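Visitor: Got a structure for you, written out below as structure tokens; questions coming shortly.
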Amino acid sequence: MDDLLKHFITEAHELIQQATDDLLALERDPQAAAPMNSAFRAVHTLKGSVGLFDFAPMGLALHAAEDLLGALKEKRTSIDAHVIDILLTCLGQIERWVAEIEQAGQLPTGAADEGYRLARALRSLLDEPPIQTAVAIPEAEHEWIKELFTQESRNLVGLRPQNAPIVAIRYIPRTDSFFAGDDPIALLRSVPDLLALRVKNRDPWPPAAEFDPFACNLHIEALTGAEIESVKAVFRFVPDQVVIREITRSVESKVLGTVLNEATSRIPIGATETAGTRTLRVDAARIDRLADLIGEMVIAKNALGHLAGQISDGLDGKHLAQSLLANHAAIERLVTEMHGAVMNVRMMPMRDIFRRFPRAVREIAGQLGRAIDFTMEGEEVQADKAIVEGLFEPLLHLLRNAVGHGAEPEHLRVEAGKSAKTRIVLRALRDGDRVRVEVEDDGRGVDPVTIRETARQRGISSEENLDRLSDAEVINLIFAPGFSTASEVTDLSGRGVGMDAVRSAVERLGGQTNVQSLQGRGTTISLSLPSTIVMTKVMVVRLANELYGIPLDGIIETTFVPSSRILAIGTSEAFVLRDKTLPLLRLADLLEVPRLSVPSQVLKVMVMALGDELVGIAVDGLDQRMDVLMRPMTGILAGMPGVIGTTLLGDGKVLMILDVPELIR
Amino acid sequence: MSVRLDGNIIHLEEDCRVEDAEPLLGWLQADQTRIVDLTEVRHIHTAVLQILMAFRPAIRGTAKDTFLRDWIIPALAGGK
């Protein structure tokens with residue numbers, strides 16, 4: 001793909017997003033000047049960029065959108081939900097086209113028709129009486145159009161659906177147009193869907209003897225049911241000789257409605273996500289910082305060279321060790337800083353995904369007829385690019401649920417003494433070195449009784465287990481695999497994604513899910529995620545002579561258990577830790593490698609959290625803790641169960657990092 | 001050349017282009033009672049159409065081309 005097109009795609013995504021944000025802001029406050037200007041500018045810029053490429057349908061739609069925004073800006077047309085809807089529909093289509101261009105390098109077939117349709121839907125809002133706009137038909141022209149209509153009415157009756165617009169054309173070719181190579185009749189032949197045609201002489205015909213066969217003396221009028229834009233396209237080389245007017249016989253709400261319905265029925269919500277790679281835009285200051293660090297690295301490297309020179313000059317061992325240590329310390333500091341700086345480059349604010357949600361929530365709420373007051377907090381909270389982008393799907397699903405399941409119909413809310421609109425808050429906050437993202441609603445809440453019942457029916461958990469669980473614990477069962485079933489898969493929950501998919505998506509990012517709910521008061525689902533995923537703290541453990549890494553955030557403590565204190569319970573083992581009996585598992589068994597032939601007298605045990613329960617994992621040796629740059633498993637190893645990734649040890653050996661909970665499952 | 005004079009009948013055939021206007025004009029100027037046959041015509045250039053409109057010769061045959069048949073020839077008959 002050529003560079004220009006790449007830039008265009010990046011820019012287009014941003015401009016579409018900007019315009020969308022602005023339109024949503026305008027919907028909240030139609031009088032606000034800043035978003036109005038900003039939306040206009042964004043669409044105007046985008047239209048300009050589109051013009052550099054051969055994407056005519058896009059240009060057509062954007063041009064119409066720009067005209068409409070211009071009219072809104074000058075208050076020639078007023079802003080209402082309908083106007084915002086159609087503009088958002090247009091932007092949505094443009095966004096899909098950009099995604100298509102990104103994938104295929106060109107617009108899909110059928111884009112031309114869609115472009116005309118959008119342009120017409122947008123322009124019909126401009127044409128709406130009583131507001132006179134630039135596109136409205138001047139008084140002076142009413143006469144010929146009216147006459148044409150009356151004379152040709154017999155042809156029109158029954159041919160057209162009542163509300164379809166008709167385009168009137170008056171074409172007076174210049175006298176010398178034959179010399180210019182024009183053939184007006186041939187042009188008329190290209191007009192689609194012709195409904196009426198009148199060809200007259202402009203001036204009286206001269207006497208036969210003086211007739212000039214090469215002087216055009218015609219006055220042509222026609223009516224067509226075709227799109228005005230396609231009519232304009234036919235006459236694009238003779239714009240000075242033609243007048244083209246669209247006659248909207250009634251307000252085109254019906255046409256508009258059709259466009260909207262067709263558009264929304266075809267687009268699954270969430271289809272706005274674009275596949276493929278996205279460029280990372282980085283603050284220049286962060287790159288400068290990296291450059292500075294490289295400079296310091298070079299100095300540290302030179303110091304090593306200097307040291308090598310000193311050794312050959314006979315530097316003694318003690319001084320050598322000191323110098324090496326000092327050098328090591330300097331390089332270590334630089335590596336740490338370098339790592340921080342690189343992580344910083346990968347950090348992006350939640351805003352980049354959050355800003356896509358208002359539109360999605362609006363669409364979902366519109367489809368379900370729920371009144372939603374949606375707000376967002378903490379858009380500036382930053383996390384690693386992979387985390388932020390990985391959150392889009394799960395959050396979208398949670399928001400769908402909040403609208404679809406959480407929000408009650410307005411009258412029920414009012415009866416319950418709540419505000420008519422369901423409040424949904426999407427919130428991001430820093431929580432130590434983690435990031436917490438919450439979706440909070442003040443809707444109907446989750447009923448623990450129903451959850452218990454459903455869990456029992458679907459065999460999610462055993463009877464006695466369910467009885468033991470507190471209400472708060474029961475509610476968390478909504479994340480259990482198999483809990484959401486087909487009966488809940490509406491077109492919104494779509495694609496059969498249940499809450500367990502949300503949980504596994506979040507866990508893949510190294511996060512945890514939690515739900516709190518008060519019946520009748522609302523639900524808060526919170527996701528806790530690491531803010532970076534690249535650097536992982538691991539504990540290195542030993543099994544015989546093999547080393548393995550265990551992520552430190554899963555380990556609660558390490559302890560030593562004399563083998564005499566191990567209790568045998570059937571075929572399982574357990575031990576007592578501070579008056580609590582914990583199950584004991586041996587890592588060797590989990591990995592299916594042989595245990596040590598000589599059992600040690602004291603077991604080294606890691607206490608780990610497995611869901612809400614604690615479990616002891618016995619290993620042969622506990623080694624150091626370290627920060628590692630973990631590489632996820634790729635290729636044929638990607639699906640290997642129980643292994644999260646690998647890292648290289650200082651001596652060049654590969655350290656496998658284990659996912660103990662998965663091994664136990 | 002897509003215009004052909006055959007006795008008293010002027011045949012317009014295939015695609016009539018701008019250069020066909022002059023001979024057609026000549027034949028009609030010479031004899032306005034000549035009949036124009038449109039059976040075989042596919043397209044009539046505007047310059048040719050103008051002459052038919054101005055001289056209003058008797059027309060014979062219906063063009064096979066639907067655009068001419070539906071729109072242009074009726075316009076000829078209906079014009080002043």
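Chain identifiers are assigned as A, B, and so on, following the order in which chains appear in the structure tokens; residues are numbered from 1 within each chain, and ligands are numbered from 1 in order of appearance.
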Please identify every residue of chain B that has at least one atom no farther than 10 Å from an atom of chain A, counting only C-alpha atoms, and for each give the shortest atom pair and the distance in Å to one decimal, arranged by chain then increasing number, as a tab-separated table.
Guide:
residue	atom	partner	partner_atom	distance
B:Arg17	CA	A:Asp183	CA	9.1
B:Val18	CA	A:Phe178	CA	7.5
B:Glu19	CA	A:Phe214	CA	9.2
B:Asp20	CA	A:Pro213	CA	9.7
B:Ala21	CA	A:Pro213	CA	6.1
B:Glu22	CA	A:Pro213	CA	6.3
B:Pro23	CA	A:Pro213	CA	9.8
B:Leu24	CA	A:Pro213	CA	9.3
B:Leu25	CA	A:Pro213	CA	7.1
B:Gly26	CA	A:Ala209	CA	9.4
B:Leu28	CA	A:Ala208	CA	8.7
B:Gln29	CA	A:Ala208	CA	6.3
B:Ala30	CA	A:Ala209	CA	9.4
B:Gln32	CA	A:Ala208	CA	9.5
B:His43	CA	A:Ala186	CA	8.0
B:Ile44	CA	A:Ile185	CA	7.6
B:His45	CA	A:Asp183	CA	6.2
B:Thr46	CA	A:Ile185	CA	5.5
B:Ala47	CA	A:Pro213	CA	6.1
B:Val48	CA	A:Pro213	CA	7.7
B:Leu49	CA	A:Ile185	CA	8.6
B:Gln50	CA	A:Asn217	CA	7.6
B:Ile51	CA	A:Pro213	CA	6.9
B:Met53	CA	A:Asn201	CA	8.1
B:Ala54	CA	A:Trp205	CA	6.1
B:Phe55	CA	A:Ala208	CA	7.5
B:Phe67	CA	A:Arg189	CA	6.6
B:Leu68	CA	A:Arg189	CA	8.7
B:Asp70	CA	A:Leu197	CA	9.6
B:Trp71	CA	A:Leu197	CA	6.5
B:Ile72	CA	A:Val199	CA	8.1
B:Pro74	CA	A:Arg198	CA	9.3
B:Ala75	CA	A:Val199	CA	6.3
B:Leu76	CA	A:Val199	CA	8.0
B:Gly78	CA	A:Arg198	CA	8.9
B:Gly79	CA	A:Lys200	CA	6.5
B:Lys80	CA	A:Lys200	CA	7.8
Visitor: Would you mind exporting the chosen residues as a compact mmCIF listing (two decimals), in the first residue's frame, restricted to C-alpha atoms?
Guide:
# COMPACT_ATOMS: atom_id res chain seq x y z
CA ARG B 17 -23.45 11.02 -36.51
CA VAL B 18 -22.92 14.73 -36.74
CA GLU B 19 -21.48 14.46 -40.28
CA ASP B 20 -24.74 12.86 -41.46
CA ALA B 21 -26.57 16.12 -40.84
CA GLU B 22 -25.29 17.89 -43.92
CA PRO B 23 -26.36 15.33 -46.57
CA LEU B 24 -29.73 14.90 -44.83
CA LEU B 25 -30.23 18.66 -44.82
CA GLY B 26 -29.33 18.79 -48.54
CA LEU B 28 -34.64 17.63 -47.49
CA GLN B 29 -33.88 21.15 -48.71
CA ALA B 30 -34.10 19.76 -52.27
CA GLN B 32 -39.38 18.30 -48.50
CA HIS B 43 -28.79 6.41 -32.61
CA ILE B 44 -29.56 9.84 -33.99
CA HIS B 45 -27.11 12.61 -33.33
CA THR B 46 -28.69 15.81 -32.07
CA ALA B 47 -27.72 17.64 -35.25
CA VAL B 48 -29.65 15.09 -37.30
CA LEU B 49 -32.60 15.21 -34.93
CA GLN B 50 -32.79 18.99 -35.24
CA ILE B 51 -33.19 18.72 -38.98
CA MET B 53 -37.64 18.56 -36.08
CA ALA B 54 -37.32 21.61 -38.31
CA PHE B 55 -38.36 19.99 -41.58
CA PHE B 67 -34.62 4.95 -26.21
CA LEU B 68 -35.37 6.39 -29.65
CA ASP B 70 -39.91 5.59 -26.47
CA TRP B 71 -38.60 9.11 -26.18
CA ILE B 72 -37.18 10.70 -29.28
CA PRO B 74 -42.68 10.61 -29.93
CA ALA B 75 -41.00 13.95 -29.26
CA LEU B 76 -40.65 14.44 -32.99
CA GLY B 78 -45.41 15.98 -30.70
CA GLY B 79 -43.14 18.97 -31.39
CA LYS B 80 -44.32 22.11 -33.09
Visitor: Can you tell me which residues surround Ile10 (chain B) at a distance of at most 10 Å, considering only C-alpha atoms, apart from same-chain residues fewer than 3 positions away, and format the answer as a PyMOL selection string?
Guide: chain B and resi 3-7+13+24+27-28+34-38+59-60
Visitor: Filtering to N, CA and C atoms, could you give me those residues as a PDB file, in the first residue's frame?
Guide:
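Contents of again_5.pdb, freshly written:
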ATOM      1  N   VAL B   3     -26.559   7.778 -43.603  1.00  0.00           N
ATOM      2  CA  VAL B   3     -27.791   8.206 -44.275  1.00  0.00           C
ATOM      3  C   VAL B   3     -27.670   7.828 -45.754  1.00  0.00           C
ATOM      4  N   ARG B   4     -28.758   7.388 -46.314  1.00  0.00           N
ATOM      5  CA  ARG B   4     -28.713   6.855 -47.672  1.00  0.00           C
ATOM      6  C   ARG B   4     -30.007   7.270 -48.365  1.00  0.00           C
ATOM      7  N   LEU B   5     -29.875   7.800 -49.559  1.00  0.00           N
ATOM      8  CA  LEU B   5     -31.060   8.192 -50.321  1.00  0.00           C
ATOM      9  C   LEU B   5     -31.379   7.082 -51.307  1.00  0.00           C
ATOM     10  N   ASP B   6     -32.604   6.598 -51.220  1.00  0.00           N
ATOM     11  CA  ASP B   6     -33.021   5.516 -52.117  1.00  0.00           C
ATOM     12  C   ASP B   6     -34.344   5.940 -52.737  1.00  0.00           C
ATOM     13  N   GLY B   7     -34.280   6.490 -53.922  1.00  0.00           N
ATOM     14  CA  GLY B   7     -35.479   7.032 -54.558  1.00  0.00           C
ATOM     15  C   GLY B   7     -35.975   8.216 -53.763  1.00  0.00           C
ATOM     16  N   GLU B  13     -29.572   4.766 -40.867  1.00  0.00           N
ATOM     17  CA  GLU B  13     -29.188   3.420 -40.448  1.00  0.00           C
ATOM     18  C   GLU B  13     -28.070   3.455 -39.404  1.00  0.00           C
ATOM     19  N   LEU B  24     -28.301  14.969 -45.122  1.00  0.00           N
ATOM     20  CA  LEU B  24     -29.730  14.900 -44.829  1.00  0.00           C
ATOM     21  C   LEU B  24     -30.388  16.245 -45.100  1.00  0.00           C
ATOM     22  N   TRP B  27     -30.739  16.841 -48.825  1.00  0.00           N
ATOM     23  CA  TRP B  27     -31.829  16.100 -49.467  1.00  0.00           C
ATOM     24  C   TRP B  27     -33.198  16.672 -49.120  1.00  0.00           C
ATOM     25  N   LEU B  28     -33.336  17.098 -47.879  1.00  0.00           N
ATOM     26  CA  LEU B  28     -34.642  17.634 -47.491  1.00  0.00           C
ATOM     27  C   LEU B  28     -34.864  19.038 -48.048  1.00  0.00           C
ATOM     28  N   ARG B  34     -39.774  14.145 -49.217  1.00  0.00           N
ATOM     29  CA  ARG B  34     -39.082  12.868 -49.056  1.00  0.00           C
ATOM     30  C   ARG B  34     -39.422  12.249 -47.702  1.00  0.00           C
ATOM     31  N   ILE B  35     -39.477  10.923 -47.703  1.00  0.00           N
ATOM     32  CA  ILE B  35     -39.833  10.193 -46.485  1.00  0.00           C
ATOM     33  C   ILE B  35     -38.560   9.725 -45.793  1.00  0.00           C
ATOM     34  N   VAL B  36     -38.569   9.807 -44.467  1.00  0.00           N
ATOM     35  CA  VAL B  36     -37.409   9.337 -43.713  1.00  0.00           C
ATOM     36  C   VAL B  36     -37.745   7.988 -43.075  1.00  0.00           C
ATOM     37  N   ASP B  37     -36.914   7.003 -43.331  1.00  0.00           N
ATOM     38  CA  ASP B  37     -37.137   5.663 -42.787  1.00  0.00           C
ATOM     39  C   ASP B  37     -36.209   5.424 -41.599  1.00  0.00           C
ATOM     40  N   LEU B  38     -36.807   5.123 -40.462  1.00  0.00           N
ATOM     41  CA  LEU B  38     -36.013   4.973 -39.233  1.00  0.00           C
ATOM     42  C   LEU B  38     -35.884   3.504 -38.797  1.00  0.00           C
ATOM     43  N   ILE B  59     -42.378  10.288 -41.442  1.00  0.00           N
ATOM     44  CA  ILE B  59     -41.496   9.299 -40.828  1.00  0.00           C
ATOM     45  C   ILE B  59     -42.059   7.916 -41.100  1.00  0.00           C
ATOM     46  N   ARG B  60     -41.157   6.993 -41.426  1.00  0.00           N
ATOM     47  CA  ARG B  60     -41.614   5.631 -41.647  1.00  0.00           C
ATOM     48  C   ARG B  60     -40.816   4.689 -40.762  1.00  0.00           C
TER      49      ARG B  60
END
Visitor: Got a sec: who's within 8 Å of Ala61 (chain A), counting only C-alpha atoms, leaving out chain neighbours fewer than 2 positions off, as a VMD selection string?
Guide: chain A and resid 57 to 59 63 to 65 90 115 to 116 118 to 119 122
Visitor: Limited to C-alpha atoms, could you put the picked residues into a file as an mmCIF file, in the first residue's frame?
Guide:
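For reference, out-v9.cif as written:
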data_model
loop_
_atom_site.group_PDB
_atom_site.id
_atom_site.type_symbol
_atom_site.label_atom_id
_atom_site.label_comp_id
_atom_site.auth_asym_id
_atom_site.auth_seq_id
_atom_site.Cartn_x
_atom_site.Cartn_y
_atom_site.Cartn_z
ATOM 1 C CA PRO A 57 -18.859 7.543 -3.506
ATOM 2 C CA MET A 58 -17.118 8.478 -0.274
ATOM 3 C CA GLY A 59 -16.520 11.987 -1.542
ATOM 4 C CA HIS A 63 -19.736 16.387 0.509
ATOM 5 C CA ALA A 64 -23.406 16.045 1.371
ATOM 6 C CA ALA A 65 -22.517 15.623 5.059
ATOM 7 C CA CYS A 90 -22.957 8.328 7.159
ATOM 8 C CA GLY A 115 -22.845 6.724 -1.616
ATOM 9 C CA TYR A 116 -25.746 8.113 -3.617
ATOM 10 C CA LEU A 118 -26.342 8.485 1.815
ATOM 11 C CA ALA A 119 -25.850 11.713 -0.084
ATOM 12 C CA LEU A 122 -28.308 13.821 3.930
#
Visitor: Looking only at the backbone, which of the residues in region 204-385 of chain A does DSSP tag as strand (DSSP E), as a VMD selection string?
Guide: chain A and resid 218 to 224 242 to 247 347 to 349 372 to 377 382 to 384
Visitor: When you draw a straight line from CA of Glu573 (chain A) to CA of Leu585 (chain A), how long is it in Å?
Guide: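 Those two atoms sit 7.1 Å apart.
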Visitor: Need to verify the contact set: Thr39 (chain B), 8 Å, only C-alpha atoms, exclusion of same-chain residues closer than 3 positions in sequence. Can you return it as a PDB file with N, CA and C atoms, in the first residue's frame?
Guide:
ATOM      1  N   LEU B  12     -32.173   6.239 -42.568  1.00  0.00           N
ATOM      2  CA  LEU B  12     -31.186   6.475 -41.495  1.00  0.00           C
ATOM      3  C   LEU B  12     -30.853   5.100 -40.919  1.00  0.00           C
ATOM      4  N   GLU B  13     -29.572   4.766 -40.867  1.00  0.00           N
ATOM      5  CA  GLU B  13     -29.188   3.420 -40.448  1.00  0.00           C
ATOM      6  C   GLU B  13     -28.070   3.455 -39.404  1.00  0.00           C
ATOM      7  N   ARG B  60     -41.157   6.993 -41.426  1.00  0.00           N
ATOM      8  CA  ARG B  60     -41.614   5.631 -41.647  1.00  0.00           C
ATOM      9  C   ARG B  60     -40.816   4.689 -40.762  1.00  0.00           C
ATOM     10  N   GLY B  61     -41.487   3.697 -40.232  1.00  0.00           N
ATOM     11  CA  GLY B  61     -40.765   2.681 -39.432  1.00  0.00           C
ATOM     12  C   GLY B  61     -40.564   3.126 -37.993  1.00  0.00           C
ATOM     13  N   THR B  62     -40.405   2.131 -37.177  1.00  0.00           N
ATOM     14  CA  THR B  62     -40.151   2.396 -35.769  1.00  0.00           C
ATOM     15  C   THR B  62     -38.737   1.927 -35.464  1.00  0.00           C
ATOM     16  N   ALA B  63     -38.022   2.773 -34.788  1.00  0.00           N
ATOM     17  CA  ALA B  63     -36.634   2.401 -34.484  1.00  0.00           C
ATOM     18  C   ALA B  63     -36.610   1.175 -33.571  1.00  0.00           C
ATOM     19  N   LYS B  64     -35.593   0.355 -33.746  1.00  0.00           N
ATOM     20  CA  LYS B  64     -35.462  -0.809 -32.882  1.00  0.00           C
ATOM     21  C   LYS B  64     -34.947  -0.416 -31.499  1.00  0.00           C
TER      22      LYS B  64
END
Visitor: Mind giving me the straight-line distance from CA of Glu221 (chain A) to CA of Thr66 (chain B) in Å, one decimal?
Guide: 19.0 Å
Visitor: Between CA of Leu334 (chain A) and CA of Ala300 (chain A), what is the distance, to one decimal in Å?
Guide: 8.8 Å
Visitor: What lies within 9 Å of His13 (chain A) using only C-alpha atoms, ignoring chain neighbours under 6 positions off, as a VMD selection string?
Guide: chain A and resid 95 98 to 99
Visitor: Would you mind exporting the chosen residues as a tab-separated table (two decimals), in the first residue's frame, restricted to N, CA and C atoms?
Guide:
chain	number	residue	atom	x	y	z
A	95	GLU	N	-16.59	4.84	7.79
A	95	GLU	CA	-15.62	4.09	8.58
A	95	GLU	C	-15.47	2.67	8.04
A	98	VAL	N	-13.45	2.83	4.94
A	98	VAL	CA	-12.02	3.01	5.22
A	98	VAL	C	-11.42	1.66	5.61
A	99	ALA	N	-12.14	0.90	6.42
A	99	ALA	CA	-11.65	-0.42	6.82
A	99	ALA	C	-11.49	-1.31	5.60
Visitor: If you run DSSP on the backbone here, which positions in region 526-580 of chain A get helix (DSSP H, G or I)? Please write them as a list in words.
Guide: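 Of region 526-580 of chain A, only Leu552, Asp553, Gly554, Ser563, Ser564 and Arg565 of chain A fall in helix (DSSP H, G or I).
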Visitor: Quick one: write out the picked residues with C-alpha atoms as an mmCIF file, in the first residue's frame?
Guide:
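Contents of out.cif, freshly written:
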data_model
loop_
_atom_site.group_PDB
_atom_site.id
_atom_site.type_symbol
_atom_site.label_atom_id
_atom_site.label_comp_id
_atom_site.auth_asym_id
_atom_site.auth_seq_id
_atom_site.Cartn_x
_atom_site.Cartn_y
_atom_site.Cartn_z
ATOM 1 C CA LEU A 552 4.579 -13.866 41.302
ATOM 2 C CA ASP A 553 1.158 -12.235 41.341
ATOM 3 C CA GLY A 554 -0.416 -15.685 41.707
ATOM 4 C CA SER A 563 6.714 -34.115 55.446
ATOM 5 C CA SER A 564 5.443 -35.426 58.791
ATOM 6 C CA ARG A 565 2.781 -32.686 58.796
#
Visitor: For Asp433 (chain A), find every residue with an atom within 7 Å (counting only C-alpha atoms), except residues of its own chain fewer than 2 positions away, and show them as a list in words.
Guide: Asp431, Val435, Pro530 and Ser531 of chain A
Visitor: Please determine, counting only C-alpha atoms, which residue among A:Ala383, A:Ala428, A:Ile664, A:Leu24 has the shortest atom-to-atom distance to Ile525 (chain A).
Guide: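 The closest residue to Ile525 (chain A) is A:Ala428.
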Visitor: Any idea what's packed within 9 Å of region 28-45 of chain A, counting only C-alpha atoms, ignoring anything in its chain fewer than 2 positions away? Could you give it as a ChimeraX atom specification?
Guide: /A:14-16,18-26,47-50,62-63,65-66,69-70,72-73,78-80
Visitor: Using C-alpha atoms, can you export the residues from the last selection as a PDB file, in the first residue's frame?
Guide:
ATOM      1  CA  GLU A  14      -9.024   9.909  13.563  1.00  0.00           C
ATOM      2  CA  LEU A  15     -11.226  12.356  11.722  1.00  0.00           C
ATOM      3  CA  ILE A  16     -14.202   9.997  11.762  1.00  0.00           C
ATOM      4  CA  GLN A  18     -13.417  13.217  16.016  1.00  0.00           C
ATOM      5  CA  ALA A  19     -16.578  13.950  14.067  1.00  0.00           C
ATOM      6  CA  THR A  20     -18.431  11.193  15.906  1.00  0.00           C
ATOM      7  CA  ASP A  21     -17.396  12.570  19.291  1.00  0.00           C
ATOM      8  CA  ASP A  22     -18.477  16.024  18.220  1.00  0.00           C
ATOM      9  CA  LEU A  23     -21.853  14.869  16.950  1.00  0.00           C
ATOM     10  CA  LEU A  24     -22.571  13.074  20.192  1.00  0.00           C
ATOM     11  CA  ALA A  25     -21.580  16.202  22.079  1.00  0.00           C
ATOM     12  CA  LEU A  26     -23.906  18.210  19.859  1.00  0.00           C
ATOM     13  CA  LYS A  47     -13.618  15.172   2.226  1.00  0.00           C
ATOM     14  CA  GLY A  48     -10.505  16.972   1.034  1.00  0.00           C
ATOM     15  CA  SER A  49      -8.327  13.903   1.671  1.00  0.00           C
ATOM     16  CA  VAL A  50     -10.784  11.586  -0.061  1.00  0.00           C
ATOM     17  CA  LEU A  62     -18.959  13.421   2.694  1.00  0.00           C
ATOM     18  CA  HIS A  63     -19.736  16.387   0.509  1.00  0.00           C
ATOM     19  CA  ALA A  65     -22.517  15.623   5.059  1.00  0.00           C
ATOM     20  CA  GLU A  66     -20.381  18.736   4.901  1.00  0.00           C
ATOM     21  CA  LEU A  69     -23.132  20.411   8.740  1.00  0.00           C
ATOM     22  CA  GLY A  70     -22.624  23.784   7.089  1.00  0.00           C
ATOM     23  CA  LEU A  72     -26.465  23.298  10.844  1.00  0.00           C
ATOM     24  CA  LYS A  73     -23.589  25.594  11.636  1.00  0.00           C
ATOM     25  CA  SER A  78     -31.907  22.693  13.273  1.00  0.00           C
ATOM     26  CA  ILE A  79     -30.199  19.885  15.128  1.00  0.00           C
ATOM     27  CA  ASP A  80     -32.322  16.998  16.315  1.00  0.00           C
TER      28      ASP A  80
END
